[in-house]
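Here's the structure we're looking at; comments come further down.
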Amino acid sequence: MEEFAALVDALVYTTSRNAKLALIADYLRRTPDPDRGWALAALTEALDFPAVKAGTIRALMHERIDPVLWTLSRDFVGDTAETASLLWPDPPREAEPPPSLGETIALLRRMTRVSVMTDLPRLFDRLDSTGRYALIKLATGAMRIGISARLAKVAFAQAFAVPVEDVEEYWHGIDAPYQPLFDWAAHGRPPPDTENLPLFRPFMLAHPLEDGEELDLDDYVAEWKWDGIRVQLVHAGGETRVFSRSGDDISATFPEIAAALDIPAVLDGELLVRGSHQGGEAGGAASFNALQQRLGRKTVSKKMLADYPAFVRLYDALIVEGEDLRALPWAERRARLEVFANRLPQERFDLSAVVEAADFAALGTIRDSARDEAIEGLMLKRRDSPYVAGRKTGLWYKWKRDPLLIDCVLMYAQRGSGKRSSFYSDYTFGCWDGDPDQGAELLPVGKAYFGFTDEELKFLDRYVRTHTVNRFGPVRETDRSLVFEVAFDSVHASKRHKSGVAMRFPRISRIRIDKPAHEADRLDTLKALIRD
Amino acid sequence: MIADFGWIRPEPHGIHILPADSWIDPSRPVDRALVTHGHADHARGGHGTTVATPETLAIMKLRYFTDEGATPASYGETIALKGGVSATFIPAGHVLGSAQILLERAGERVIVTGDYKRRPDPTCPPFEVTPCDIFVTEATFGLPVFVHPPIEEEMAKLLQRLADNPERCVLVGAYALGKAQRVIAELRRAGHVAPIWLHGAMERMCRLYEEFGIGLGELRLVSDARKEDLRGGIVICPPSALNDRWSRRLPDPITAMASGWMRVRQRARQRNVELPLVISDHADWHELTRTIEEVNPAESWITHGREEALLRWCELNQRRARALALVGYEDEDD
């Protein structure tokens with residue numbers, strides 16, 4: 001546990017990707033099984049200990065420190081694990097020696113919601129503050145130290161000099177502590193068998209197309225970028241799985257999709273909900289708002305299935321009936337996909353149409369005129385691109401529609417977490433519900449915590465501190481003098497918010513110090529942009 | 001019921017001593033100022049007269065190029081102000097020349113600490129506990145998460161990293177007044193005798209410390225060095241220079257920062273610090289609460305910093321306290 005804690009600590013203070021890779025690779029090489037496998041699982045947040053929640057940590061701390069002092073500390077530090085690790089009282093001298101990582105995991109697994117209140121403190125007492133920090137991060141399953149699963153896989157590949165593509169291929173479907181993976185990479189045994197398992201394959205991703213950048217349509221093909229959720233469908237060994245972009249199994253949330261594929265294949269597409277009012281030539285999809293009704297549910301009622309029927313708009317085929325197509329050029333995969341799609345039930349599957357345009361300028365016009373809510377913009381794919389995991393430069397681009405903009409007034413601010421810790425960086429902003437000169441009020445319309453530079457963040461933090469008129473626990477109310485230009489992708493009617501609207505993907509686009517608050521936009525302006 | 005002596009009043013721009021028509025650490029120019037120590041947020045220029053310790057006045061002269069109206073008050077010396085008020089400067093243990101100011105009028109005693117710490121510091125005399133009725137205390141690190149480790153541990157960490165990386169240098173970001181000299185003096189105490197390299201902005205203050213008899217060993221300027229000279233060495237610079245173009249001339253520097261904020265990981269990350277050194281010239285949580293207990297005033301006034309938590313501690317311990325809303329003292333770099 002001490003070595004793992006030291007690794008976590010070192011990773012926190014390391015910003016360079018190469019240095020992080022070197023740290024992890026070095027740890028993996030010199031740490032014995034199964035600890036290194038557990039570490040890998042912890043770093044990629046693949047572990048779950050149902051008995052330990054953020055609330056558990058809070059409850060333990062409330063037994064040891066005044067709740068007000070706890071809240072003030074937590075608010076300042078911006079991270080529950082770190083706050084608790086710093087505030088935990090020094091252990092008694094006769095404490096047991098620190099546990100190994102494997103032992104820690106075994107102890108955490110045995111804990112129940114009841115026993116955790118006595119067992120977890122005993123574990124805390126065996127560690128120093130660095131160890132407690134790593135332990136809480138590990139136990140609550142939220143490392144958030146900037147290590148993506150991809151980074152961990154690259155580090156693994158580096159550590160044992162194996163191809164990262166192979167690591168990607170074998171990784172999924174093996175459970176922590178990944179013994180078969182280490183047997184293969186570190187001990188020279190044969191790789192795990194993946195042929196007949198319904199495994200997730202990492203998605204191919206796109207780079208954003210920079211402003212002013214143009215592509216030759218002889219080399220690139222355009223498709224709509226649909227505003228649903230990207231999914232991968234896998235049928236293998238008689239089972240079907242629906243995976244989300246992060247590789248989470250969401251088959252239970254969309255049973256009608258899982259039931260509709262019974263031919264061995266791995267397909268890439270966008271999951272959407274059917275909507276009659278969207279129309280358009282490629283129509284048939286509802287807005288993201290409709291899809292949201294279906295997300296995050298563990299079981300789905302018949303009414304849900306009837307009211308919000310899901311379907312998948314297919315983008316690509318990775319594997320069809322045992323044949324791996326990933327190395328083929330996009331154009332060939334597309335041809336295979338078009339043939340294959342005919343064998344699937346039309347109620348649940350269609351093809352994402354190719355968008356034809358005479359040249360790049362014409363494509364830009366088509367993009368700008370697409371105000372259909374189910375379309376986020378365009379995708380541009382190199383006609384000869386193989387299907388490769390992750391974001392490879394030059395192959396796929398996303399060309400998003402320009403965002404909508406509105407001027408809002410900063411109303412409340414709260415401290416952020418992670419790299420924004422201890423800065424007032426989470427902003428609630430509002431629009432006027434009428435004419436401000438006639439006594440109209442500001443109504444909150446959204447919240448955003450990114451879109452600004454580090455310099456702007458410092459300015460905003462200072463602004464909030466010097467313009468606070470009220471405090472509600474961690475929340476500061478400001479004097480409503482600062483105008484933000486807020487960018488967002490779309491806006492929807494919402495009964496949950498007092499303003500009656502909910503913005504999708506709002507972010508701070510500009511700080512308008514030049515603009516007086518009463519000139520900010522009115523709620524009616526925002527409501528006029530609702531399309532669903 | 002809040003004690004109110006009437007003759008002393010916290011105002012947004014400083015502590016106002018009404019009958020003496022004087023201010024303590026005013027954040028804008030006034031006729032008569034009493035200054036606790038030389039940090040810029042406490043010692044502003046442009047006052048008519050400035051009463052402070054000789055060390056603080058020397059620091060102010062270094063910064064503002066004038067000592068017009070300077071009125072020295074040595075530690076322990078009592079100065080008579082107008083309106084029957086007297087002021088005594090007492091060591092605060094914060095930086096060279098730092099003082100708490102004891103104000104007395106008709107048997108009533110008020111102490112304004114300025115900034116202070118309780119840890120030993122080779123560059124200034126230690127904080128003296130002095131009884132009073134009203135104790136105006138700072139609260140920069142007024143949260144229970146802030147516990148500064150013994151400085152010896154942090155020095156050992158620094159020297160170990162240096163020894164492990166003979167081809168690199170360790171670049172330590174430290175306040176030019178106080179922190180830099182304390183780090184250098186502690187490095188000497190830990191047995192580091194090699195020359196220590198300075199950013200140009202550090203030089204004058206270090207020389208001033210030496211003039212006041214504080215030995216800092218051999219100091220050299222980075223601007224006089226070749227890259228090769230700096231390998232395996234320690235370089236001290238102001239925090240603002242840490243991620244600046246200036247540091248590119250150094251041989252693959254390990255970025256360190258000496259600050260109490262380094263206790264919080266994300267604070268170190270925000271500054272791209274690889275080697276956080278938890279070293280502060282302010283009192284940590286335990287020092288703050290211990291000091292209130294030892295001074296044992298009738299009432300504590302809590303200012304600049306995280307007042308809420310210290311106020312809560314006073315409430316939990318049945319101690320009378322209030323938070324002052326003074327502007328302009330935010331110590332982001334300590």
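We name chains A, B, ... following the order of the structure tokens; residues begin at 1 in each chain, and ligands are numbered from 1 as shown.
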
Counting only C-alpha atoms, which residues from chain A have an atom at most 8 Å from any atom of chain B, and could you show them as a PyMOL selection string?
chain A and resi 12-15+68-69+72-73+77+82-83+86-87+418-421

Set the distance at 12 Å and use only C-alpha atoms: which residues neighbour Asp249 (chain A) once local chain neighbours fewer than 2 positions away are removed? I'd like the list as an mmCIF file with N, CA, C and O atoms, in the first residue's frame.
data_model
loop_
_atom_site.group_PDB
_atom_site.id
_atom_site.type_symbol
_atom_site.label_atom_id
_atom_site.label_comp_id
_atom_site.auth_asym_id
_atom_site.auth_seq_id
_atom_site.Cartn_x
_atom_site.Cartn_y
_atom_site.Cartn_z
ATOM 1 N N HIS A 172 -10.249 -5.805 -22.042
ATOM 2 C CA HIS A 172 -11.667 -5.886 -21.680
ATOM 3 C C HIS A 172 -12.071 -7.346 -21.612
ATOM 4 O O HIS A 172 -11.633 -8.148 -22.405
ATOM 5 N N GLY A 173 -12.881 -7.670 -20.681
ATOM 6 C CA GLY A 173 -13.302 -9.048 -20.536
ATOM 7 C C GLY A 173 -12.465 -9.798 -19.528
ATOM 8 O O GLY A 173 -12.800 -10.903 -19.132
ATOM 9 N N PRO A 198 -18.234 -11.519 -25.753
ATOM 10 C CA PRO A 198 -18.796 -10.237 -26.183
ATOM 11 C C PRO A 198 -18.017 -9.077 -25.572
ATOM 12 O O PRO A 198 -18.433 -8.447 -24.619
ATOM 13 N N LEU A 199 -16.846 -8.796 -26.144
ATOM 14 C CA LEU A 199 -15.933 -7.802 -25.571
ATOM 15 C C LEU A 199 -16.071 -6.435 -26.223
ATOM 16 O O LEU A 199 -16.379 -6.321 -27.395
ATOM 17 N N PHE A 200 -15.777 -5.432 -25.426
ATOM 18 C CA PHE A 200 -15.752 -4.054 -25.916
ATOM 19 C C PHE A 200 -14.442 -3.794 -26.650
ATOM 20 O O PHE A 200 -13.379 -4.196 -26.196
ATOM 21 N N VAL A 231 -22.516 4.353 -29.291
ATOM 22 C CA VAL A 231 -22.548 3.009 -28.707
ATOM 23 C C VAL A 231 -21.800 2.019 -29.584
ATOM 24 O O VAL A 231 -21.622 2.238 -30.787
ATOM 25 N N GLN A 232 -21.406 0.941 -28.953
ATOM 26 C CA GLN A 232 -20.843 -0.176 -29.680
ATOM 27 C C GLN A 232 -21.715 -1.395 -29.393
ATOM 28 O O GLN A 232 -22.020 -1.683 -28.230
ATOM 29 N N LEU A 233 -22.127 -2.083 -30.461
ATOM 30 C CA LEU A 233 -22.954 -3.276 -30.305
ATOM 31 C C LEU A 233 -22.090 -4.486 -30.588
ATOM 32 O O LEU A 233 -21.397 -4.515 -31.608
ATOM 33 N N VAL A 234 -22.142 -5.453 -29.697
ATOM 34 C CA VAL A 234 -21.321 -6.642 -29.879
ATOM 35 C C VAL A 234 -22.205 -7.876 -29.729
ATOM 36 O O VAL A 234 -22.935 -8.007 -28.729
ATOM 37 N N THR A 240 -25.429 -10.601 -26.620
ATOM 38 C CA THR A 240 -25.304 -9.266 -27.192
ATOM 39 C C THR A 240 -25.067 -8.256 -26.080
ATOM 40 O O THR A 240 -25.665 -8.341 -25.010
ATOM 41 N N ARG A 241 -24.174 -7.325 -26.349
ATOM 42 C CA ARG A 241 -23.909 -6.258 -25.373
ATOM 43 C C ARG A 241 -23.995 -4.908 -26.069
ATOM 44 O O ARG A 241 -23.580 -4.777 -27.230
ATOM 45 N N VAL A 242 -24.498 -3.926 -25.308
ATOM 46 C CA VAL A 242 -24.450 -2.541 -25.770
ATOM 47 C C VAL A 242 -23.461 -1.814 -24.856
ATOM 48 O O VAL A 242 -23.633 -1.818 -23.636
ATOM 49 N N PHE A 243 -22.415 -1.256 -25.436
ATOM 50 C CA PHE A 243 -21.406 -0.547 -24.639
ATOM 51 C C PHE A 243 -21.484 0.955 -24.906
ATOM 52 O O PHE A 243 -21.672 1.375 -26.052
ATOM 53 N N SER A 244 -21.285 1.746 -23.862
ATOM 54 C CA SER A 244 -21.216 3.198 -24.035
ATOM 55 C C SER A 244 -19.804 3.581 -24.442
ATOM 56 O O SER A 244 -18.925 2.717 -24.514
ATOM 57 N N ARG A 245 -19.576 4.873 -24.659
ATOM 58 C CA ARG A 245 -18.266 5.298 -25.125
ATOM 59 C C ARG A 245 -17.160 4.944 -24.159
ATOM 60 O O ARG A 245 -16.029 4.700 -24.548
ATOM 61 N N SER A 246 -17.488 4.949 -22.865
ATOM 62 C CA SER A 246 -16.451 4.632 -21.877
ATOM 63 C C SER A 246 -16.295 3.128 -21.693
ATOM 64 O O SER A 246 -15.488 2.695 -20.872
ATOM 65 N N GLY A 247 -17.073 2.326 -22.443
ATOM 66 C CA GLY A 247 -16.958 0.888 -22.308
ATOM 67 C C GLY A 247 -17.889 0.297 -21.265
ATOM 68 O O GLY A 247 -17.806 -0.889 -20.950
ATOM 69 N N SER A 251 -26.473 -2.586 -21.718
ATOM 70 C CA SER A 251 -27.461 -3.457 -22.373
ATOM 71 C C SER A 251 -28.802 -3.428 -21.646
ATOM 72 O O SER A 251 -29.854 -3.426 -22.277
ATOM 73 N N ALA A 252 -28.751 -3.399 -20.295
ATOM 74 C CA ALA A 252 -29.988 -3.455 -19.515
ATOM 75 C C ALA A 252 -30.821 -2.186 -19.701
ATOM 76 O O ALA A 252 -32.045 -2.216 -19.571
ATOM 77 N N THR A 253 -30.172 -1.080 -20.018
ATOM 78 C CA THR A 253 -30.897 0.182 -20.205
ATOM 79 C C THR A 253 -31.607 0.203 -21.558
ATOM 80 O O THR A 253 -32.628 0.866 -21.719
ATOM 81 N N PHE A 254 -31.040 -0.521 -22.527
ATOM 82 C CA PHE A 254 -31.628 -0.527 -23.866
ATOM 83 C C PHE A 254 -31.855 -1.972 -24.326
ATOM 84 O O PHE A 254 -31.225 -2.440 -25.289
ATOM 85 N N PRO A 255 -32.762 -2.686 -23.646
ATOM 86 C CA PRO A 255 -32.955 -4.113 -23.955
ATOM 87 C C PRO A 255 -33.453 -4.329 -25.386
ATOM 88 O O PRO A 255 -33.118 -5.342 -26.002
ATOM 89 N N ALA A 258 -30.414 -4.550 -27.572
ATOM 90 C CA ALA A 258 -29.657 -5.780 -27.344
ATOM 91 C C ALA A 258 -30.368 -6.963 -27.993
ATOM 92 O O ALA A 258 -29.731 -7.865 -28.543
ATOM 93 N N GLY A 296 -29.401 6.097 -17.855
ATOM 94 C CA GLY A 296 -29.144 5.864 -16.439
ATOM 95 C C GLY A 296 -30.154 4.979 -15.738
ATOM 96 O O GLY A 296 -30.163 4.889 -14.513
ATOM 97 N N LYS A 298 -31.698 1.340 -14.676
ATOM 98 C CA LYS A 298 -31.239 -0.056 -14.610
ATOM 99 C C LYS A 298 -32.297 -0.990 -15.154
ATOM 100 O O LYS A 298 -32.012 -2.052 -15.685
#

In region 45-251 of chain B, what's helix (DSSP H, G or I) per DSSP? Answer as a ChimeraX atom specification?
/B:54-64,82-84,151-164,179-189,200-211,222-224,227-230,239-241,245-249

Record the distance separating CA of Ala341 (chain A) and CA of Arg367 (chain A), expressed in Å with one decimal.
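These atoms are spaced 26.2 Å apart.
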
Residue neighbourhood region 199-210 of chain B, 10 Å, only C-alpha atoms, exclusion window fewer than 2 positions, as a ChimeraX atom specification:
/B:55,58-59,62-63,96,123-124,171,173-178,180-181,184,197,212-217,219-224,235-238,241,246-247

Excluding Arg462 (chain A) and residues on its chain fewer than 2 positions from it, collect all residues at most 12 Å away from it, counting only C-alpha atoms, and give them as a list in words.
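So, after excluding close chain neighbours, the residues are Ala413, Ser422, Phe423, Tyr424, Ser425, Glu455, Glu456, Leu457, Lys458, Phe459, Leu460, Val464, Arg465, Thr466, His467, Thr468 and Thr478 of chain A; Gly328, Glu330 and Glu332 of chain B.
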
Just to be explicit: take each residue in the selection above, keep N, CA and C atoms, and write the result as a short mmCIF file (atom, residue, chain, number, x, y, z; two decimals), in the first residue's frame.
data_model
loop_
_atom_site.label_atom_id
_atom_site.label_comp_id
_atom_site.auth_asym_id
_atom_site.auth_seq_id
_atom_site.Cartn_x
_atom_site.Cartn_y
_atom_site.Cartn_z
N ALA A 413 -21.63 31.72 -7.02
CA ALA A 413 -20.39 31.01 -7.34
C ALA A 413 -20.04 30.06 -6.22
N SER A 422 -10.37 25.23 -4.65
CA SER A 422 -10.21 26.44 -3.84
C SER A 422 -10.42 27.73 -4.64
N PHE A 423 -10.59 27.65 -5.93
CA PHE A 423 -11.02 28.82 -6.72
C PHE A 423 -12.54 28.82 -6.81
N TYR A 424 -13.13 30.01 -6.81
CA TYR A 424 -14.55 30.10 -7.11
C TYR A 424 -14.70 29.93 -8.61
N SER A 425 -15.09 28.74 -9.03
CA SER A 425 -15.02 28.40 -10.45
C SER A 425 -16.30 27.79 -11.00
N GLU A 455 -5.95 32.42 -16.55
CA GLU A 455 -5.87 33.84 -16.19
C GLU A 455 -7.26 34.38 -15.87
N GLU A 456 -8.24 34.01 -16.73
CA GLU A 456 -9.62 34.46 -16.51
C GLU A 456 -10.17 33.89 -15.21
N LEU A 457 -9.76 32.64 -14.90
CA LEU A 457 -10.23 32.04 -13.65
C LEU A 457 -9.75 32.85 -12.45
N LYS A 458 -8.49 33.29 -12.50
CA LYS A 458 -7.96 34.10 -11.39
C LYS A 458 -8.76 35.39 -11.25
N PHE A 459 -9.05 35.99 -12.41
CA PHE A 459 -9.85 37.22 -12.40
C PHE A 459 -11.23 36.94 -11.80
N LEU A 460 -11.87 35.86 -12.26
CA LEU A 460 -13.23 35.56 -11.79
C LEU A 460 -13.25 35.26 -10.30
N VAL A 464 -15.40 37.34 -7.64
CA VAL A 464 -16.40 36.76 -6.73
C VAL A 464 -16.10 37.16 -5.29
N ARG A 465 -14.82 37.04 -4.89
CA ARG A 465 -14.46 37.38 -3.51
C ARG A 465 -14.77 38.83 -3.17
N THR A 466 -14.57 39.73 -4.14
CA THR A 466 -14.74 41.14 -3.83
C THR A 466 -16.15 41.64 -4.13
N HIS A 467 -17.00 40.80 -4.71
CA HIS A 467 -18.37 41.22 -5.01
C HIS A 467 -19.41 40.34 -4.32
N THR A 468 -18.98 39.69 -3.23
CA THR A 468 -19.91 38.84 -2.51
C THR A 468 -20.87 39.69 -1.68
N THR A 478 -23.26 36.87 -5.58
CA THR A 478 -22.53 38.07 -5.98
C THR A 478 -23.52 39.23 -6.16
N GLY B 328 -7.69 43.63 1.41
CA GLY B 328 -6.35 43.79 0.88
C GLY B 328 -5.27 42.90 1.45
N GLU B 330 -4.46 39.30 1.27
CA GLU B 330 -4.67 37.90 0.86
C GLU B 330 -3.30 37.36 0.52
N GLU B 332 -1.42 34.92 -1.08
CA GLU B 332 -1.54 33.78 -1.99
C GLU B 332 -0.22 33.04 -2.16
#

Where in region 124-298 of chain A does DSSP assign strand (DSSP E), given as a PyMOL selection string?
chain A and resi 204-205+207-208+220-226+229-236+239-243+265-273

Distance in Å - CA of Val339 (chain A) versus CA of Asn196 (chain A):
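About the pair CA of Val339 (chain A) and CA of Asn196 (chain A): they are 23.4 Å apart.
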
Just the residues within 9 Å of Arg168 (chain B), please, counting only C-alpha atoms, with nothing from its chain fewer than 2 positions along; format it as a PDB file with N, CA and C atoms, in the first residue's frame.
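Below is the file result_14.pdb, written as the result:
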ATOM      1  N   LEU B 162      17.729  16.601  -4.272  1.00  0.00           N
ATOM      2  CA  LEU B 162      18.926  17.155  -4.888  1.00  0.00           C
ATOM      3  C   LEU B 162      19.976  16.070  -5.085  1.00  0.00           C
ATOM      4  N   ASN B 165      19.288  13.657  -7.911  1.00  0.00           N
ATOM      5  CA  ASN B 165      19.300  14.183  -9.279  1.00  0.00           C
ATOM      6  C   ASN B 165      20.500  15.095  -9.511  1.00  0.00           C
ATOM      7  N   PRO B 166      21.716  14.532  -9.513  1.00  0.00           N
ATOM      8  CA  PRO B 166      22.912  15.372  -9.584  1.00  0.00           C
ATOM      9  C   PRO B 166      23.028  16.164 -10.889  1.00  0.00           C
ATOM     10  N   VAL B 170      17.451  22.103  -8.231  1.00  0.00           N
ATOM     11  CA  VAL B 170      16.152  22.295  -7.602  1.00  0.00           C
ATOM     12  C   VAL B 170      15.880  23.792  -7.550  1.00  0.00           C
ATOM     13  N   LEU B 230      25.175  25.202 -12.434  1.00  0.00           N
ATOM     14  CA  LEU B 230      23.958  25.079 -11.642  1.00  0.00           C
ATOM     15  C   LEU B 230      23.530  23.632 -11.403  1.00  0.00           C
ATOM     16  N   ARG B 231      24.140  22.681 -12.139  1.00  0.00           N
ATOM     17  CA  ARG B 231      23.767  21.275 -11.948  1.00  0.00           C
ATOM     18  C   ARG B 231      24.040  20.853 -10.504  1.00  0.00           C
ATOM     19  N   GLY B 232      23.070  20.189  -9.927  1.00  0.00           N
ATOM     20  CA  GLY B 232      23.226  19.740  -8.546  1.00  0.00           C
ATOM     21  C   GLY B 232      23.100  20.854  -7.538  1.00  0.00           C
ATOM     22  N   GLY B 233      22.681  22.047  -7.975  1.00  0.00           N
ATOM     23  CA  GLY B 233      22.592  23.171  -7.051  1.00  0.00           C
ATOM     24  C   GLY B 233      21.157  23.553  -6.702  1.00  0.00           C
ATOM     25  N   LEU B 250      17.886  27.257 -16.737  1.00  0.00           N
ATOM     26  CA  LEU B 250      18.361  26.335 -15.711  1.00  0.00           C
ATOM     27  C   LEU B 250      18.450  24.920 -16.263  1.00  0.00           C
ATOM     28  N   PRO B 251      19.343  24.098 -15.700  1.00  0.00           N
ATOM     29  CA  PRO B 251      19.496  22.724 -16.197  1.00  0.00           C
ATOM     30  C   PRO B 251      18.368  21.820 -15.668  1.00  0.00           C
ATOM     31  N   ASP B 252      17.313  21.614 -16.484  1.00  0.00           N
ATOM     32  CA  ASP B 252      16.216  20.695 -16.174  1.00  0.00           C
ATOM     33  C   ASP B 252      15.741  20.826 -14.719  1.00  0.00           C
ATOM     34  N   PRO B 253      15.260  21.997 -14.338  1.00  0.00           N
ATOM     35  CA  PRO B 253      14.979  22.219 -12.915  1.00  0.00           C
ATOM     36  C   PRO B 253      13.822  21.379 -12.363  1.00  0.00           C
ATOM     37  N   ILE B 254      13.975  20.946 -11.131  1.00  0.00           N
ATOM     38  CA  ILE B 254      12.878  20.330 -10.375  1.00  0.00           C
ATOM     39  C   ILE B 254      12.163  21.486  -9.682  1.00  0.00           C
TER      40      ILE B 254
END

Separation of CA of Ala159 (chain A) from CA of Leu23 (chain A), in Å and rounded to one decimal
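For CA of Ala159 (chain A) relative to CA of Leu23 (chain A), the distance reads 9.8 Å.
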
Which neighbours of Asp402 (chain A) fall inside 10 Å, counting only C-alpha atoms, when residues of the same chain fewer than 4 positions from it are skipped, and could you give them as a ChimeraX atom specification?
/A:367-368,376-377,487-489

Selection file, all heavy atoms, as a PDB file, in the first residue's frame:
ATOM      1  N   ARG A 367     -23.745  22.541 -43.406  1.00  0.00           N
ATOM      2  CA  ARG A 367     -23.571  22.444 -41.954  1.00  0.00           C
ATOM      3  C   ARG A 367     -24.311  23.576 -41.244  1.00  0.00           C
ATOM      4  O   ARG A 367     -25.032  23.366 -40.270  1.00  0.00           O
ATOM      5  CB  ARG A 367     -22.092  22.493 -41.590  1.00  0.00           C
ATOM      6  CG  ARG A 367     -21.819  22.384 -40.109  1.00  0.00           C
ATOM      7  CD  ARG A 367     -20.359  22.712 -39.792  1.00  0.00           C
ATOM      8  NE  ARG A 367     -20.122  24.137 -39.842  1.00  0.00           N
ATOM      9  CZ  ARG A 367     -19.521  24.853 -38.875  1.00  0.00           C
ATOM     10  NH1 ARG A 367     -19.092  24.241 -37.780  1.00  0.00           N
ATOM     11  NH2 ARG A 367     -19.336  26.145 -38.991  1.00  0.00           N
ATOM     12  N   ASP A 368     -24.137  24.781 -41.767  1.00  0.00           N
ATOM     13  CA  ASP A 368     -24.740  25.934 -41.096  1.00  0.00           C
ATOM     14  C   ASP A 368     -26.259  25.929 -41.176  1.00  0.00           C
ATOM     15  O   ASP A 368     -26.937  26.449 -40.295  1.00  0.00           O
ATOM     16  CB  ASP A 368     -24.205  27.230 -41.712  1.00  0.00           C
ATOM     17  CG  ASP A 368     -22.719  27.402 -41.433  1.00  0.00           C
ATOM     18  OD1 ASP A 368     -22.239  26.749 -40.482  1.00  0.00           O
ATOM     19  OD2 ASP A 368     -22.049  28.148 -42.155  1.00  0.00           O
ATOM     20  N   GLU A 376     -25.440  17.488 -34.351  1.00  0.00           N
ATOM     21  CA  GLU A 376     -24.462  18.312 -33.643  1.00  0.00           C
ATOM     22  C   GLU A 376     -23.522  19.015 -34.597  1.00  0.00           C
ATOM     23  O   GLU A 376     -22.828  19.935 -34.224  1.00  0.00           O
ATOM     24  CB  GLU A 376     -23.603  17.411 -32.763  1.00  0.00           C
ATOM     25  CG  GLU A 376     -24.038  17.311 -31.322  1.00  0.00           C
ATOM     26  CD  GLU A 376     -22.946  16.632 -30.540  1.00  0.00           C
ATOM     27  OE1 GLU A 376     -22.798  15.395 -30.656  1.00  0.00           O
ATOM     28  OE2 GLU A 376     -22.208  17.321 -29.827  1.00  0.00           O
ATOM     29  N   GLY A 377     -23.473  18.503 -35.830  1.00  0.00           N
ATOM     30  CA  GLY A 377     -22.537  19.038 -36.798  1.00  0.00           C
ATOM     31  C   GLY A 377     -22.195  17.948 -37.791  1.00  0.00           C
ATOM     32  O   GLY A 377     -23.017  17.056 -38.043  1.00  0.00           O
ATOM     33  N   ALA A 487     -21.910  30.197 -24.126  1.00  0.00           N
ATOM     34  CA  ALA A 487     -22.126  29.397 -25.329  1.00  0.00           C
ATOM     35  C   ALA A 487     -22.798  28.096 -24.928  1.00  0.00           C
ATOM     36  O   ALA A 487     -22.507  27.554 -23.859  1.00  0.00           O
ATOM     37  CB  ALA A 487     -20.791  29.109 -26.007  1.00  0.00           C
ATOM     38  N   PHE A 488     -23.706  27.598 -25.748  1.00  0.00           N
ATOM     39  CA  PHE A 488     -24.371  26.329 -25.437  1.00  0.00           C
ATOM     40  C   PHE A 488     -24.825  25.676 -26.731  1.00  0.00           C
ATOM     41  O   PHE A 488     -24.939  26.328 -27.770  1.00  0.00           O
ATOM     42  CB  PHE A 488     -25.530  26.549 -24.469  1.00  0.00           C
ATOM     43  CG  PHE A 488     -26.569  27.530 -24.958  1.00  0.00           C
ATOM     44  CD1 PHE A 488     -27.778  27.079 -25.477  1.00  0.00           C
ATOM     45  CD2 PHE A 488     -26.333  28.898 -24.899  1.00  0.00           C
ATOM     46  CE1 PHE A 488     -28.735  27.981 -25.932  1.00  0.00           C
ATOM     47  CE2 PHE A 488     -27.286  29.794 -25.367  1.00  0.00           C
ATOM     48  CZ  PHE A 488     -28.485  29.350 -25.883  1.00  0.00           C
ATOM     49  N   ASP A 489     -25.078  24.361 -26.663  1.00  0.00           N
ATOM     50  CA  ASP A 489     -25.399  23.629 -27.888  1.00  0.00           C
ATOM     51  C   ASP A 489     -26.874  23.683 -28.231  1.00  0.00           C
ATOM     52  O   ASP A 489     -27.252  23.713 -29.387  1.00  0.00           O
ATOM     53  CB  ASP A 489     -24.936  22.173 -27.762  1.00  0.00           C
ATOM     54  CG  ASP A 489     -23.429  22.071 -27.954  1.00  0.00           C
ATOM     55  OD1 ASP A 489     -22.794  23.139 -28.120  1.00  0.00           O
ATOM     56  OD2 ASP A 489     -22.898  20.958 -27.944  1.00  0.00           O
TER      57      ASP A 489
END

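Excluding Gly500 (chain A) itself and any same-chain residue fewer than 6 positions from it, the protein and nucleic acid residues within 9 Å of it, counting only C-alpha atoms, are Val445, His492, Ala493, Ser494 and Lys527 of chain A.
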
Save the residues we just selected, N, CA, C and O atoms, as a compact mmCIF listing (two decimals), in the first residue's frame?
# COMPACT_ATOMS: atom_id res chain seq x y z
N VAL A 445 -30.54 30.41 -15.10
CA VAL A 445 -30.84 29.60 -16.27
C VAL A 445 -29.80 28.51 -16.51
O VAL A 445 -30.04 27.61 -17.31
N HIS A 492 -33.70 23.51 -23.88
CA HIS A 492 -34.93 22.72 -23.86
C HIS A 492 -35.86 23.22 -22.78
O HIS A 492 -35.42 23.78 -21.78
N ALA A 493 -37.15 22.97 -23.00
CA ALA A 493 -38.13 23.28 -21.96
C ALA A 493 -37.91 22.33 -20.80
O ALA A 493 -37.62 21.16 -21.00
N SER A 494 -38.00 22.85 -19.58
CA SER A 494 -37.78 21.99 -18.42
C SER A 494 -38.70 22.40 -17.29
O SER A 494 -38.80 23.58 -16.95
N LYS A 527 -35.83 31.44 -24.50
CA LYS A 527 -36.96 30.53 -24.77
C LYS A 527 -37.24 30.43 -26.26
O LYS A 527 -37.69 29.40 -26.75
